[in-house]
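J.: What follows is coords-v9.txt, compact mmCIF, C-alpha atoms.
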```txt
# COMPACT_ATOMS: atom_id res chain seq x y z
CA MET A 6 8.59 1.38 2.01
CA VAL A 7 5.93 -1.20 1.14
CA ASP A 8 6.60 -3.62 -1.69
CA ILE A 9 4.73 -6.46 -3.37
CA ALA A 10 6.27 -9.07 -1.04
CA ALA A 11 4.78 -7.54 2.11
CA PRO A 12 1.89 -9.47 3.72
CA PHE A 13 -1.42 -7.69 4.29
CA THR A 14 -4.16 -8.36 6.83
CA LEU A 15 -7.77 -7.50 6.01
CA ALA A 16 -10.43 -6.41 8.50
CA CYS A 17 -12.04 -9.86 8.36
CA GLY A 18 -8.83 -11.26 9.85
CA GLN A 19 -7.49 -12.91 6.70
CA THR A 20 -3.82 -12.31 5.91
CA LEU A 21 -2.68 -12.21 2.30
CA LYS A 22 0.86 -13.58 1.97
CA ASN A 23 1.78 -10.76 -0.42
CA ARG A 24 0.28 -7.74 -2.20
CA LEU A 25 -0.35 -9.41 -5.57
CA ALA A 26 -3.83 -10.58 -6.57
CA LYS A 27 -4.94 -12.52 -9.60
CA ALA A 28 -7.92 -10.39 -10.68
CA ALA A 29 -11.16 -11.83 -12.05
CA MET A 30 -11.23 -12.93 -15.69
CA THR A 31 -13.95 -14.84 -17.50
CA GLU A 32 -13.03 -18.51 -18.05
CA GLY A 33 -16.01 -20.20 -19.79
CA LEU A 34 -14.97 -23.59 -18.43
CA ALA A 35 -18.15 -24.70 -16.66
CA ASP A 36 -19.98 -27.81 -17.88
CA PRO A 37 -23.36 -27.62 -19.70
CA ARG A 38 -25.10 -27.59 -16.30
CA ASN A 39 -22.97 -24.61 -15.25
CA ARG A 40 -20.95 -26.57 -12.71
CA ALA A 41 -17.23 -26.24 -12.00
CA THR A 42 -15.08 -28.74 -13.89
CA PRO A 43 -11.66 -30.43 -13.64
CA ALA A 44 -10.42 -27.86 -16.17
CA LEU A 45 -11.36 -25.03 -13.80
CA CYS A 46 -9.63 -26.86 -10.95
CA GLU A 47 -6.48 -27.22 -13.05
CA LEU A 48 -6.58 -23.55 -14.00
CA TYR A 49 -6.96 -22.38 -10.42
CA ARG A 50 -4.36 -24.81 -9.14
CA ARG A 51 -1.92 -23.17 -11.54
CA PHE A 52 -2.97 -19.70 -10.36
CA ALA A 53 -2.74 -20.68 -6.67
CA GLU A 54 0.71 -22.16 -7.17
CA GLY A 55 1.74 -19.15 -9.27
CA GLY A 56 2.56 -16.91 -6.32
CA SER A 57 -0.42 -14.55 -5.82
CA GLY A 58 -1.51 -13.81 -2.27
CA LEU A 59 -5.13 -13.53 -3.40
CA VAL A 60 -6.84 -15.24 -6.34
CA ILE A 61 -10.27 -14.05 -7.50
CA THR A 62 -12.29 -16.26 -9.86
CA GLY A 63 -14.09 -15.12 -12.96
CA ASN A 64 -17.67 -14.08 -12.34
CA MET A 65 -19.83 -16.83 -10.89
CA GLN A 66 -23.45 -16.09 -11.64
CA VAL A 67 -26.25 -15.92 -9.09
CA HIS A 68 -29.07 -16.38 -11.63
CA PRO A 69 -29.00 -19.18 -14.26
CA ASP A 70 -30.90 -17.12 -16.85
CA ASN A 71 -28.71 -14.03 -16.68
CA LEU A 72 -25.16 -15.09 -17.50
CA GLU A 73 -22.13 -13.28 -18.82
CA ARG A 74 -21.57 -16.30 -21.09
CA PRO A 75 -22.91 -19.89 -21.27
CA GLY A 76 -19.77 -21.37 -19.70
CA ASN A 77 -20.18 -19.49 -16.40
CA VAL A 78 -20.38 -21.35 -13.11
CA VAL A 79 -23.79 -20.75 -11.50
CA VAL A 80 -24.22 -20.74 -7.72
CA ALA A 81 -27.95 -20.54 -7.16
CA PRO A 82 -30.82 -22.18 -5.28
CA GLY A 83 -31.64 -25.63 -6.63
CA MET A 84 -28.04 -26.63 -7.34
CA ASP A 85 -27.41 -30.34 -6.81
CA GLU A 86 -24.82 -32.12 -4.69
CA ALA A 87 -22.59 -32.64 -7.72
CA ALA A 88 -22.44 -28.87 -8.20
CA ARG A 89 -21.57 -28.35 -4.53
CA ALA A 90 -18.88 -31.03 -4.68
CA ALA A 91 -17.43 -29.39 -7.79
CA LEU A 92 -17.19 -26.06 -5.93
CA ALA A 93 -15.40 -27.79 -3.05
CA ALA A 94 -12.89 -29.31 -5.48
CA LEU A 95 -12.30 -25.89 -7.02
CA ALA A 96 -11.80 -24.32 -3.57
CA LYS A 97 -9.25 -26.99 -2.66
CA ALA A 98 -7.29 -26.39 -5.87
CA GLY A 99 -7.43 -22.59 -5.58
CA THR A 100 -6.18 -22.42 -1.99
CA ALA A 101 -2.92 -24.31 -2.58
CA LYS A 102 0.25 -22.92 -1.00
CA GLY A 103 -1.62 -20.66 1.41
CA THR A 104 -3.35 -18.70 -1.34
CA ARG A 105 -6.60 -16.95 -0.43
CA LEU A 106 -9.39 -17.75 -2.91
CA TRP A 107 -12.35 -15.44 -3.43
CA ALA A 108 -15.19 -15.95 -5.89
CA GLN A 109 -16.45 -13.01 -7.89
CA ILE A 110 -20.26 -13.18 -7.76
CA SER A 111 -22.31 -11.42 -10.38
CA HIS A 112 -25.51 -11.03 -12.40
CA ALA A 113 -25.01 -10.00 -16.03
CA GLY A 114 -28.27 -8.08 -16.47
CA ARG A 115 -28.62 -6.63 -19.97
CA GLN A 116 -25.09 -7.81 -20.84
CA THR A 117 -26.42 -11.37 -21.02
CA PRO A 118 -25.74 -12.65 -24.57
CA ILE A 119 -28.78 -13.26 -26.72
CA ALA A 120 -27.64 -16.88 -27.13
CA VAL A 121 -28.26 -17.31 -23.41
CA ASN A 122 -31.40 -15.20 -22.95
CA LYS A 123 -33.17 -12.89 -25.40
CA THR A 124 -34.88 -10.87 -22.66
CA PRO A 125 -32.63 -10.73 -19.59
CA GLN A 126 -33.37 -8.84 -16.41
CA ALA A 127 -32.22 -5.22 -16.11
CA PRO A 128 -33.10 -2.06 -14.19
CA SER A 129 -34.87 -0.65 -17.27
CA ALA A 130 -35.79 -1.99 -20.70
CA ILE A 131 -32.83 -0.29 -22.40
CA PRO A 132 -30.75 -2.49 -24.74
CA LEU A 133 -27.02 -2.25 -25.23
CA PRO A 134 -26.30 0.05 -28.22
CA LEU A 135 -23.78 -2.33 -29.77
CA PRO A 136 -23.65 -3.64 -33.36
CA GLY A 137 -23.82 -7.32 -34.19
CA LYS A 138 -27.11 -8.22 -32.45
CA GLN A 139 -25.26 -10.08 -29.70
CA PHE A 140 -27.59 -8.80 -26.98
CA GLY A 141 -31.38 -8.69 -26.78
CA THR A 142 -33.73 -6.10 -25.32
CA PRO A 143 -33.92 -6.56 -21.55
CA ARG A 144 -37.04 -6.27 -19.45
CA ALA A 145 -37.31 -4.04 -16.41
CA MET A 146 -37.19 -5.97 -13.17
CA THR A 147 -40.08 -5.99 -10.75
CA GLU A 148 -39.60 -5.13 -7.08
CA ALA A 149 -39.95 -8.84 -6.22
CA GLU A 150 -37.24 -9.76 -8.75
CA ILE A 151 -34.85 -7.21 -7.26
CA GLU A 152 -35.43 -8.62 -3.78
CA ASP A 153 -34.90 -12.11 -5.20
CA VAL A 154 -31.54 -11.11 -6.68
CA ILE A 155 -30.39 -9.77 -3.31
CA SER A 156 -31.24 -13.11 -1.69
CA ARG A 157 -29.40 -14.92 -4.49
CA PHE A 158 -26.17 -13.04 -3.77
CA ALA A 159 -26.52 -14.02 -0.11
CA PHE A 160 -27.15 -17.65 -1.06
CA ALA A 161 -24.07 -17.67 -3.27
CA ALA A 162 -21.85 -16.28 -0.52
CA ALA A 163 -23.04 -18.81 2.06
CA THR A 164 -22.69 -21.69 -0.42
CA LEU A 165 -19.17 -20.67 -1.43
CA LYS A 166 -18.14 -20.33 2.20
CA ASP A 167 -19.39 -23.87 2.87
CA ALA A 168 -17.41 -25.07 -0.15
CA GLY A 169 -14.14 -23.72 1.27
CA PHE A 170 -13.74 -20.33 -0.40
CA ASP A 171 -12.21 -17.53 1.70
CA GLY A 172 -14.42 -14.74 0.41
CA VAL A 173 -16.41 -13.19 -2.41
CA GLN A 174 -16.10 -10.11 -4.54
CA VAL A 175 -19.45 -8.53 -5.44
CA HIS A 176 -19.22 -7.37 -9.06
CA GLY A 177 -20.46 -3.80 -9.14
CA ALA A 178 -18.53 -2.72 -12.24
CA HIS A 179 -18.13 -3.16 -16.01
CA GLY A 180 -21.78 -2.69 -16.90
CA TYR A 181 -23.20 -5.81 -15.24
CA LEU A 182 -26.46 -5.66 -13.28
CA ILE A 183 -25.32 -3.77 -10.18
CA SER A 184 -23.33 -1.37 -12.37
CA GLN A 185 -26.44 -0.94 -14.53
CA PHE A 186 -28.41 0.12 -11.46
CA LEU A 187 -25.68 2.63 -10.57
CA SER A 188 -25.68 4.31 -13.98
CA PRO A 189 -28.36 6.85 -15.04
CA ARG A 190 -27.82 5.71 -18.65
CA SER A 191 -29.18 2.24 -17.96
CA ASN A 192 -31.30 2.91 -14.88
CA GLN A 193 -34.28 5.14 -15.62
CA ARG A 194 -36.53 3.80 -12.88
CA THR A 195 -38.73 6.17 -10.89
CA ASP A 196 -39.16 3.95 -7.83
CA ARG A 197 -36.83 3.53 -4.82
CA TRP A 198 -34.27 1.75 -7.03
CA GLY A 199 -33.73 4.66 -9.45
CA GLY A 200 -33.29 8.41 -9.70
CA SER A 201 -31.01 9.70 -6.96
CA LEU A 202 -27.59 8.18 -6.36
CA GLU A 203 -28.84 6.88 -3.02
CA ASN A 204 -31.58 4.98 -4.85
CA ARG A 205 -29.32 3.76 -7.66
CA ALA A 206 -26.78 2.47 -5.13
CA ARG A 207 -29.45 0.74 -3.04
CA LEU A 208 -29.05 -2.63 -4.78
CA LEU A 209 -25.28 -2.72 -4.24
CA LEU A 210 -25.56 -1.79 -0.56
CA GLU A 211 -28.39 -4.23 0.09
CA VAL A 212 -26.39 -7.00 -1.60
CA VAL A 213 -23.32 -6.25 0.53
CA ARG A 214 -25.42 -6.31 3.72
CA ALA A 215 -27.09 -9.59 2.73
CA VAL A 216 -23.78 -11.20 1.82
CA ARG A 217 -22.17 -10.19 5.12
CA ALA A 218 -25.17 -11.43 7.11
CA ALA A 219 -25.14 -14.76 5.29
CA ALA A 220 -21.40 -15.44 5.46
CA GLY A 221 -20.30 -13.87 8.75
CA PRO A 222 -17.51 -11.48 9.82
CA ALA A 223 -14.53 -13.80 9.13
CA PHE A 224 -15.47 -14.30 5.47
CA GLY A 225 -13.94 -11.82 3.03
CA VAL A 226 -16.36 -9.43 1.35
CA GLY A 227 -15.03 -7.24 -1.44
CA VAL A 228 -16.58 -5.08 -4.14
CA LYS A 229 -15.42 -4.26 -7.65
CA LEU A 230 -16.59 -0.72 -8.45
CA ASN A 231 -16.24 1.46 -11.52
CA SER A 232 -14.36 4.68 -10.95
CA ALA A 233 -16.45 5.84 -13.91
CA ASP A 234 -18.35 4.44 -16.89
CA PHE A 235 -16.51 6.90 -19.19
CA MET A 236 -19.81 7.56 -20.94
CA LYS A 237 -21.71 10.85 -21.13
CA GLY A 238 -24.50 10.81 -18.57
CA GLY A 239 -23.15 7.69 -16.90
CA PHE A 240 -21.82 6.84 -13.46
CA GLY A 241 -18.97 9.27 -12.72
CA ASP A 242 -15.94 9.51 -10.45
CA GLU A 243 -17.56 11.86 -7.92
CA GLU A 244 -20.47 9.45 -7.55
CA ALA A 245 -18.02 6.56 -7.27
CA THR A 246 -16.25 8.30 -4.38
CA THR A 247 -19.57 8.78 -2.59
CA VAL A 248 -20.47 5.12 -3.07
CA ALA A 249 -17.02 4.14 -1.81
CA ARG A 250 -17.76 6.04 1.41
CA TRP A 251 -21.06 4.17 1.78
CA LEU A 252 -19.28 0.86 1.23
CA GLU A 253 -16.71 1.78 3.86
CA ALA A 254 -19.56 2.29 6.31
CA GLU A 255 -20.74 -1.24 5.48
CA GLY A 256 -17.32 -2.58 6.49
CA ILE A 257 -16.21 -4.24 3.27
CA ASP A 258 -12.74 -5.78 3.31
CA LEU A 259 -11.39 -4.77 -0.10
CA LEU A 260 -12.49 -2.36 -2.82
CA GLU A 261 -11.18 -2.93 -6.34
CA VAL A 262 -11.12 0.21 -8.50
CA SER A 263 -11.92 -0.36 -12.15
CA GLY A 264 -13.88 1.32 -14.93
CA GLY A 265 -15.74 0.98 -18.21
CA THR A 266 -18.51 -1.16 -19.66
CA TYR A 267 -19.08 -3.16 -22.86
CA GLU A 268 -19.89 0.19 -24.49
CA ARG A 269 -16.56 1.69 -23.41
CA PRO A 270 -14.17 -1.10 -22.33
CA MET A 271 -11.61 1.00 -20.47
CA MET A 272 -10.95 -2.04 -18.23
CA MET A 273 -9.32 -3.58 -21.31
CA GLY A 274 -7.20 -0.48 -21.94
CA ASN A 275 -9.24 0.46 -25.02
CA GLU A 276 -9.72 4.23 -25.11
CA ASP A 277 -10.69 4.43 -28.76
CA MET A 278 -13.73 2.15 -28.76
CA SER A 279 -16.97 3.86 -27.77
CA THR A 280 -20.60 3.89 -28.84
CA ASP A 281 -20.77 7.56 -27.85
CA ALA A 282 -18.33 9.84 -29.66
CA SER A 283 -18.95 12.68 -27.21
CA ALA A 284 -17.80 10.49 -24.32
CA LYS A 285 -14.22 9.96 -25.46
CA GLN A 286 -11.77 10.95 -22.78
CA VAL A 287 -8.00 10.74 -22.73
CA ARG A 288 -6.45 8.97 -19.78
CA ARG A 289 -4.53 11.34 -17.55
CA ALA A 290 -0.87 11.61 -18.51
CA SER A 291 0.20 10.72 -14.97
CA SER A 292 -1.75 7.45 -15.20
CA VAL A 293 0.03 6.58 -18.43
CA ALA A 294 3.40 7.38 -16.85
CA ARG A 295 2.61 5.13 -13.91
CA GLU A 296 1.22 2.44 -16.21
CA ALA A 297 -2.00 1.89 -14.22
CA TYR A 298 -5.29 2.72 -15.90
CA PHE A 299 -7.11 3.60 -12.69
CA LEU A 300 -4.39 4.62 -10.25
CA ASP A 301 -5.31 8.31 -10.22
CA TYR A 302 -8.89 7.43 -9.40
CA ALA A 303 -7.67 5.15 -6.62
CA LYS A 304 -5.78 8.10 -5.16
CA THR A 305 -9.00 10.11 -5.13
CA MET A 306 -10.76 7.29 -3.32
CA ARG A 307 -7.82 6.84 -0.93
CA ALA A 308 -8.29 10.45 0.17
CA ALA A 309 -11.94 9.71 0.88
CA VAL A 310 -11.88 6.24 2.50
CA LYS A 311 -9.67 3.99 4.59
CA THR A 312 -10.99 0.80 2.97
CA PRO A 313 -8.14 -1.29 1.54
CA LEU A 314 -7.90 -0.64 -2.20
CA MET A 315 -6.93 -2.91 -5.07
CA VAL A 316 -6.02 -1.50 -8.49
CA THR A 317 -6.01 -3.65 -11.62
CA GLY A 318 -5.20 -2.68 -15.17
CA GLY A 319 -2.01 -1.90 -17.02
CA ILE A 320 0.55 -2.18 -14.21
CA ARG A 321 3.36 -4.26 -15.66
CA SER A 322 6.67 -3.43 -13.95
CA ARG A 323 7.66 -4.35 -10.42
CA ALA A 324 9.00 -0.82 -9.94
CA ALA A 325 5.58 0.68 -10.74
CA MET A 326 3.87 -1.81 -8.44
CA ASP A 327 6.17 -1.02 -5.52
CA GLU A 328 5.77 2.72 -6.18
CA ALA A 329 1.96 2.46 -6.17
CA LEU A 330 2.01 0.56 -2.87
CA SER A 331 4.59 2.81 -1.21
CA SER A 332 2.69 5.95 -2.22
CA GLY A 333 -0.37 4.64 -0.40
CA ALA A 334 -2.51 4.88 -3.52
CA CYS A 335 -3.48 1.23 -3.13
CA ASP A 336 -2.84 -1.78 -0.91
CA VAL A 337 -3.08 -4.64 -3.42
CA ILE A 338 -1.99 -4.86 -7.06
CA GLY A 339 -4.33 -6.76 -9.35
CA LEU A 340 -2.86 -8.76 -12.24
CA ALA A 341 -5.02 -10.25 -14.96
CA ARG A 342 -4.06 -10.63 -18.62
CA PRO A 343 -0.35 -11.40 -18.13
CA LEU A 344 -1.39 -14.47 -16.12
CA CYS A 345 -3.31 -15.85 -19.12
CA LEU A 346 0.03 -16.72 -20.71
CA LYS A 347 2.17 -16.96 -17.60
CA PRO A 348 0.21 -18.10 -14.52
CA ASP A 349 3.39 -18.07 -12.41
CA ALA A 350 4.14 -14.44 -13.23
CA PRO A 351 3.59 -13.31 -9.59
CA ALA A 352 6.24 -15.76 -8.35
CA ALA A 353 8.60 -14.53 -11.06
CA LEU A 354 8.13 -10.91 -9.95
CA LEU A 355 8.53 -11.76 -6.29
CA SER A 356 11.72 -13.75 -6.87
CA GLY A 357 13.28 -11.14 -9.15
CA ARG A 358 13.29 -13.45 -12.17
CA LEU A 359 11.12 -10.88 -13.91
CA ALA A 360 11.22 -7.10 -13.55
CA ARG A 361 8.39 -6.47 -15.99
CA LEU A 362 5.46 -8.44 -17.34
CA ASP A 363 4.56 -8.66 -21.02
CA ASP A 364 1.99 -6.13 -22.22
CA TRP A 365 0.37 -8.30 -24.86
CA GLU A 366 -2.73 -6.11 -24.95
CA ASN A 367 -0.74 -3.26 -26.49
CA ARG A 368 0.35 -5.45 -29.40
CA LEU A 369 -3.02 -6.94 -30.31
CA ARG A 370 -4.90 -5.33 -33.18
CA LEU A 371 -6.82 -6.56 -36.19
CA GLY A 372 -4.31 -5.18 -38.66
CA PRO A 373 -2.03 -2.27 -39.64
CA GLY A 374 -3.13 1.26 -40.45
CA ARG A 375 -5.98 3.45 -39.32
CA TRP A 376 -8.76 1.42 -40.94
CA LEU A 377 -7.89 -1.84 -39.18
CA GLY A 378 -6.78 -0.33 -35.85
CA PRO A 379 -8.73 0.33 -32.64
CA ALA A 380 -9.52 3.90 -33.74
CA SER A 381 -10.98 2.78 -37.08
CA PRO A 382 -13.95 4.86 -38.29
CA LEU A 383 -15.74 1.54 -38.93
CA LYS A 384 -17.72 0.46 -35.87
CA ILE A 385 -17.39 -3.24 -36.68
CA ILE A 386 -13.59 -2.91 -36.82
CA GLN A 387 -13.64 -1.03 -33.52
CA MET A 388 -15.65 -3.87 -32.03
CA LEU A 389 -13.30 -6.55 -33.35
CA ASN A 390 -10.31 -4.69 -31.93
CA GLY A 391 -12.16 -4.28 -28.65
CA PHE A 392 -13.48 -7.80 -28.18
CA GLY A 393 -10.97 -9.74 -30.29
CA PRO A 394 -8.32 -9.51 -27.55
CA LEU A 395 -10.89 -10.71 -25.02
CA GLY A 396 -11.29 -13.86 -27.12
CA TRP A 397 -7.51 -14.10 -27.46
CA PHE A 398 -6.95 -14.10 -23.69
CA ALA A 399 -9.97 -16.33 -23.05
CA ASN A 400 -8.56 -18.93 -25.44
CA HIS A 401 -5.32 -18.96 -23.47
CA LEU A 402 -7.17 -19.44 -20.18
CA GLN A 403 -8.94 -22.47 -21.62
CA THR A 404 -5.60 -23.83 -22.84
CA LEU A 405 -4.19 -23.50 -19.31
CA GLY A 406 -7.23 -25.28 -17.88
CA LYS A 407 -6.62 -28.18 -20.21
CA GLY A 408 -3.00 -28.44 -19.04
CA GLY A 409 -1.57 -26.92 -22.20
CA THR A 410 0.81 -24.10 -23.07
CA PRO A 411 -0.62 -20.87 -24.53
CA ARG A 412 0.43 -19.88 -28.07
CA PRO A 413 0.98 -16.10 -28.28
CA GLU A 414 1.23 -16.24 -32.08
CA LEU A 415 -2.55 -16.75 -32.27
CA GLY A 416 -4.12 -13.84 -34.19
CA ILE A 417 -7.00 -11.89 -32.67
CA PHE A 418 -9.37 -12.47 -35.61
CA GLY A 419 -8.83 -16.22 -35.44
CA ALA A 420 -9.12 -16.08 -31.65
CA PHE A 421 -12.36 -14.11 -31.92
CA LEU A 422 -13.86 -16.64 -34.35
CA ARG A 423 -12.77 -19.54 -32.16
CA TYR A 424 -14.26 -17.78 -29.14
CA GLN A 425 -17.57 -17.09 -30.89
CA MET A 426 -17.90 -20.65 -32.17
CA GLY A 427 -17.08 -21.99 -28.73
CA GLU A 428 -19.75 -19.78 -27.21
CA MET A 429 -22.34 -21.03 -29.70
CA ARG A 430 -21.49 -24.65 -28.89
CA ALA A 431 -21.58 -23.97 -25.16
CA ALA A 432 -24.96 -22.22 -25.38
CA LYS A 433 -26.41 -25.09 -27.40
CA ALA A 434 -25.10 -27.64 -24.90
CA MET A 435 -26.40 -25.63 -21.95
CA HIS A 436 -29.91 -25.30 -23.40
CA ALA A 437 -29.95 -29.02 -24.28
CA ALA A 438 -28.93 -29.93 -20.71
CA ARG A 439 -31.67 -27.75 -19.25
CA LYS A 440 -34.25 -29.19 -21.61
CA SER A 441 -33.30 -32.73 -20.58
CA GLN A 442 -33.79 -31.78 -16.91
CA ALA A 443 -37.15 -30.11 -17.44
```
Here is a file; write its structure as structure tokens.

T.:
Amino acid sequence: MVDIAAPFTLACGQTLKNRLAKAAMTEGLADPRNRATPALCELYRRFAEGGSGLVITGNMQVHPDNLERPGNVVVAPGMDEAARAALAALAKAGTAKGTRLWAQISHAGRQTPIAVNKTPQAPSAIPLPLPGKQFGTPRAMTEAEIEDVISRFAFAAATLKDAGFDGVQVHGAHGYLISQFLSPRSNQRTDRWGGSLENRARLLLEVVRAVRAAAGPAFGVGVKLNSADFMKGGFGDEEATTVARWLEAEGIDLLEVSGGTYERPMMMGNEDMSTDASAKQVRRASSVAREAYFLDYAKTMRAAVKTPLMVTGGIRSRAAMDEALSSGACDVIGLARPLCLKPDAPAALLSGRLARLDDWENRLRLGPGRWLGPASPLKIIQMLNGFGPLGWFANHLQTLGKGGTPRPELGIFGAFLRYQMGEMRAAKAMHAARKSQA
């Protein structure tokens, strides 16, 4: 029987001291020049000392004009020595107590907020169909821009290796650029980067090859991949299994199974929010019973590939974690939101001080009744219930980075407003810093 305390050795030769991983979550703690900060170091020190065998950062961006939010760390050509030194400080903090630290590297594509860029890069000029005018209309990338992005991922991997990181996770999920290329809904290109699955997966595979070539065989290379977009006409589970086989052939070290996009945020456990009513699907009953959102899909992939698998989303009890590992469905358990309030939760599980983590996400909603709940017929209420918790958890991460103690009594509407105002201030500061450097 395999349990969460068992060590695990990856193909790159790195050994994880246990089977628990802090999964990637957005932090928004970079400075106005998109460099790592003392607050990020404090946050990742707390995660590294919290007991996880592997810690994965929130998405670090490879292109300064295509960010998930203005407070992202950017690792891109032209970065100064102060930015490199800040990465080294972050790596030192995040590898405390023998913890392996990987950076998630990403390009937001059309999910770049309009406050950052009104016309971000994307596979095709198809905007996000979300209310609120938070995202602009993207422009289709040229062949040269696609090749440039591939080289940027390679640059990021090599730079992070030099800084002291143990590996990177290429973000190919949740509707960001690589995920956009994979999905027929957002990729309507007719060249070699669109159409067939082989063409739509070309960017991901080329990025993985470039990253491996730049960083070498002893550096960890992982991928986060959607099991499905959960949208009609989107990237589906059969295609995901095929792509997983291709990634296995590339020799990646760890594949994290996830799902959803901003249009259908299944990665946040929200099954009711969707911009496409015909796409609503009910999670399989067995997945609910086992707590994990994506465990059934991981089992499908396990039957197809031998690549080590990580599953994140909804697993809260030690018993369920041990069962998932012993069944062979996955090799690593990803933990995310519980660590926003309790960064030492992995140590508590491992020591037996805790048998189950809090499931705060199941208690967060705008208000009582149908009209204020996640399944509200009002799209704006759906959106607030979908993204309000994201702001709630993000606020707690920032509190941890500042050395404070999270306050779970914070309401999601207040958290959402605080988050939005913070994003506006951060965007203004970022644009001012860039203007002063021009």

J.: Extract, using only C-alpha atoms, all DNA, RNA and protein residues at most 7 Å from range 33-37 of chain A, discarding same-chain residues fewer than 4 positions from it, and format them as a PyMOL selection string.

T.: chain A and resi 41-42+44-45+74+76-78+403+431+434-435+438

J.: Check which residues of range 158-225 of chain A sit at most 12 Å from range 61-64 of chain A using all atoms listed in the file, and return one row each with the closest pair of atoms and their distance in Å to one decimal, ordered by chain and rising number, as CSV.

T.:
```
residue,atom,partner,partner_atom,distance
A:Ala161,CA,A:Asn64,CA,11.7
A:Leu165,CA,A:Thr62,CA,11.7
A:Phe170,CA,A:Ile61,CA,10.1
A:Asp171,CA,A:Ile61,CA,10.0
A:Gly172,CA,A:Ile61,CA,9.0
A:Val173,CA,A:Ile61,CA,8.0
A:Gln174,CA,A:Ile61,CA,7.6
A:Val175,CA,A:Asn64,CA,9.0
A:His176,CA,A:Asn64,CA,7.6
A:Gly177,CA,A:Asn64,CA,11.1
A:Ala178,CA,A:Asn64,CA,11.4
A:His179,CA,A:Asn64,CA,11.5
A:Tyr181,CA,A:Asn64,CA,10.4
A:Gly225,CA,A:Ile61,CA,11.4
```

J.: Record the distance separating CA of Gly55 in chain A and CA of Leu106 in chain A, expressed in Å with one decimal.

T.: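 Atom-to-atom, CA of Gly55 in chain A to CA of Leu106 in chain A, that is 12.9 Å.
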
J.: Identify which of the residues A:Gly56, A:Thr104, A:Thr312, A:Ile320 lies closest to Ala360 in chain A, counting all atoms listed in the file when measuring atom-to-atom distances.

T.: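 So, comparing all the options, the nearest one is A:Ile320.
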
J.: Of the candidates A:Arg217, A:Arg342, A:Arg307, A:Arg358, which shows the shortest atom-to-atom distance to Glu261 in chain A, using all atoms listed in the file?

T.: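 So, comparing all the options, the nearest one is A:Arg307.
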
J.: Tell me which protein, DNA and RNA residues are within 7 Å of Trp397 in chain A, counting all atoms listed in the file, leaving out same-chain ones fewer than 6 positions away, and put them as a PyMOL selection string.

T.: chain A and resi 417+420-421

J.: Using all atoms listed in the file, which residue out of A:Pro382, A:Gly357, A:Gly221, A:Gly372 lies closest to Ala324 in chain A?

T.: A:Gly357
